[in-house]
$ cat work-v1.tsv   # TSV, C-alpha atoms
chain	number	residue	atom	x	y	z
E	1	MET	CA	52.18	95.54	-64.27
E	2	PHE	CA	52.80	92.45	-66.39
E	3	LYS	CA	56.53	93.25	-66.78
E	4	THR	CA	56.82	93.69	-63.01
E	5	LEU	CA	55.06	90.37	-62.48
E	6	LEU	CA	57.40	88.60	-64.91
E	7	VAL	CA	60.52	90.12	-63.37
E	8	SER	CA	59.32	89.28	-59.86
E	9	GLY	CA	58.55	85.72	-60.92
E	10	ALA	CA	62.00	85.37	-62.52
E	11	VAL	CA	63.74	86.67	-59.39
E	12	VAL	CA	61.79	84.33	-57.12
E	13	SER	CA	62.41	81.40	-59.49
E	14	ALA	CA	66.15	82.10	-59.54
E	15	ALA	CA	66.24	82.32	-55.75
E	16	VAL	CA	64.36	79.04	-55.42
E	17	LEU	CA	66.57	77.20	-57.90
E	18	ALA	CA	69.77	78.62	-56.39
E	19	SER	CA	69.02	77.35	-52.88
E	20	PRO	CA	68.87	73.52	-52.87
E	21	ALA	CA	68.53	73.48	-49.06
E	22	GLN	CA	65.03	74.89	-49.52
E	23	ALA	CA	63.46	71.56	-50.53
E	24	ASP	CA	59.99	72.81	-49.54
E	25	TRP	CA	59.85	75.22	-52.52
E	26	TYR	CA	58.51	73.93	-55.84
E	27	VAL	CA	57.47	75.01	-59.34
E	28	ASN	CA	54.05	73.87	-60.60
E	29	PRO	CA	53.32	74.56	-64.28
E	30	GLU	CA	49.78	73.46	-65.12
E	31	LEU	CA	47.68	73.48	-68.29
E	32	ASN	CA	43.88	73.11	-68.12
E	33	VAL	CA	41.86	72.88	-71.34
E	34	GLY	CA	38.09	72.51	-71.69
E	35	VAL	CA	36.91	69.81	-74.10
E	36	GLY	CA	33.29	69.09	-74.99
E	37	LEU	CA	31.92	66.09	-76.90
E	38	ASP	CA	29.92	68.39	-79.19
E	39	SER	CA	32.01	71.57	-79.11
E	40	GLY	CA	35.54	70.12	-79.24
E	41	VAL	CA	38.53	71.87	-77.67
E	42	GLY	CA	37.55	75.05	-75.88
E	43	SER	CA	39.22	77.66	-73.72
E	44	GLY	CA	42.36	77.00	-71.71
E	45	ILE	CA	44.56	78.38	-68.96
E	46	LEU	CA	48.33	77.93	-68.57
E	47	GLU	CA	49.55	78.62	-65.02
E	48	GLY	CA	53.15	79.04	-63.90
E	49	HIS	CA	53.04	78.79	-60.12
E	50	ILE	CA	55.80	78.89	-57.54
E	51	GLY	CA	54.80	77.28	-54.25
E	52	TYR	CA	55.84	76.31	-50.77
E	53	ASP	CA	54.97	73.17	-48.77
E	54	PHE	CA	54.70	73.58	-44.99
E	55	ASP	CA	55.53	70.83	-42.49
E	56	ASN	CA	51.87	70.56	-41.37
E	57	GLY	CA	50.58	69.48	-44.82
E	58	ALA	CA	49.57	72.99	-45.93
E	59	TYR	CA	50.79	74.62	-49.14
E	60	ILE	CA	50.55	77.91	-51.00
E	61	GLN	CA	51.33	78.67	-54.63
E	62	ALA	CA	50.79	81.58	-57.03
E	63	GLY	CA	52.01	83.00	-60.30
E	64	PRO	CA	51.06	84.32	-63.72
E	65	ALA	CA	48.41	82.62	-65.83
E	66	ALA	CA	47.81	82.94	-69.57
E	67	ILE	CA	44.08	82.73	-70.32
E	68	PHE	CA	43.14	81.48	-73.81
E	69	PRO	CA	39.40	82.09	-74.32
E	70	ASP	CA	37.29	80.44	-77.04
E	71	SER	CA	37.03	83.83	-78.70
E	72	GLY	CA	38.73	87.11	-78.01
E	73	GLU	CA	42.26	87.98	-77.00
E	74	LYS	CA	44.61	86.13	-74.68
E	75	GLU	CA	44.89	87.70	-71.21
E	76	ILE	CA	47.52	87.46	-68.49
E	77	GLU	CA	46.20	87.25	-64.94
E	78	LEU	CA	47.42	86.17	-61.51
E	79	THR	CA	46.20	82.88	-60.04
E	80	GLY	CA	47.01	80.95	-56.92
E	81	LYS	CA	46.00	78.16	-54.57
E	82	ALA	CA	46.26	77.37	-50.88
E	83	GLY	CA	45.39	74.04	-49.37
E	84	ILE	CA	45.96	71.52	-46.64
E	85	SER	CA	45.79	67.76	-46.33
E	86	GLY	CA	45.56	65.46	-43.34
E	87	GLY	CA	45.26	61.73	-43.68
E	88	PRO	CA	43.19	60.95	-46.76
E	89	LEU	CA	41.31	64.31	-46.70
E	90	TYR	CA	42.33	67.52	-48.43
E	91	GLY	CA	40.91	70.96	-49.11
E	92	GLU	CA	41.93	73.78	-51.45
E	93	VAL	CA	40.99	77.40	-52.11
E	94	SER	CA	41.97	78.95	-55.45
E	95	PHE	CA	41.76	82.47	-56.83
E	96	GLY	CA	42.11	84.24	-60.14
E	97	THR	CA	42.27	87.93	-60.92
E	98	GLY	CA	40.70	89.55	-63.94
E	99	ASP	CA	37.76	91.89	-64.31
E	100	GLU	CA	36.75	90.68	-60.88
E	101	LEU	CA	38.32	88.36	-58.31
E	102	GLY	CA	37.16	84.77	-58.70
E	103	LEU	CA	37.38	82.14	-55.96
E	104	GLY	CA	37.13	78.36	-56.15
E	105	PHE	CA	36.85	75.71	-53.44
E	106	LYS	CA	37.71	72.01	-53.64
E	107	THR	CA	37.65	69.20	-51.10
E	108	GLY	CA	38.15	65.48	-51.45
E	109	ALA	CA	39.93	62.37	-50.30
E	110	LYS	CA	42.82	60.27	-51.63
E	111	PHE	CA	42.99	56.58	-50.75
E	112	SER	CA	46.01	54.38	-51.47
E	113	PHE	CA	45.83	50.60	-51.82

$ encode --input "work-v1.tsv" --output "structure tokens"
Amino acid sequence: MFKTLLVSGAVVSAAVLASPAQADWYVNPELNVGVGLDSGVGSGILEGHIGYDFDNGAYIQAGPAAIFPDSGEKEIELTGKAGISGGPLYGEVSFGTGDELGLGFKTGAKFSF
């Protein structure tokens, strides 16, 4: 499963990088690490997403994620996000696989001045 995911990701990445006319495609590597004032550096997740921006302000992205827990072994899962923005408002839905499917929801606003 993991080898198939890596090969698929490599093929999609190569296709994206080989087609400069497809400016709406992007790569989004992201590292999130938990840090506590008392507990110090905690668990982390390193995501390697490939995404696509639509003309209407919507986007989708997904890819493999390396999960580094506080204790235990590293795991490889699949994570992704889909969202949309209009004016200053935006919303996002995220997912992560694992023992069970996890979902996250985010909404907010971005103001420029």

$ closest_residue --input "work-v1.tsv" --among "E:Gly51, E:Gly34, E:Gly42, E:Gly98" --to "Gly80 in chain E" --atoms "all atoms listed in the file"
E:Gly51

$ residues_around --input "work-v1.tsv" --residues "range 61-70 of chain E" --least-positions-apart "5" --cutoff "7 Å" --atoms "all atoms listed in the file" --output "list in words"
Gly42, Ser43, Gly44, Ile45, Leu46, Glu47, Gly48, His49, Ile50, Gly51, Tyr52, Glu75, Ile76, Glu77, Leu78, Thr79, Gly80, Lys81 and Ala82 of chain E

$ atom_distance --input "work-v1.tsv" --atom1 "CA of Gly104 in chain E" --atom2 "CA of Gly91 in chain E"
10.9 Å

$ atom_distance --input "work-v1.tsv" --atom1 "CA of Asp55 in chain E" --atom2 "CA of Asn32 in chain E"
28.2 Å

$ closest_residue --input "work-v1.tsv" --among "E:Ser112, E:Gly102, E:Thr97, E:Trp25" --to "Tyr59 in chain E" --atoms "all atoms listed in the file"
E:Trp25

$ atom_distance --input "work-v1.tsv" --atom1 "CA of Leu103 in chain E" --atom2 "CA of Leu37 in chain E"
26.9 Å
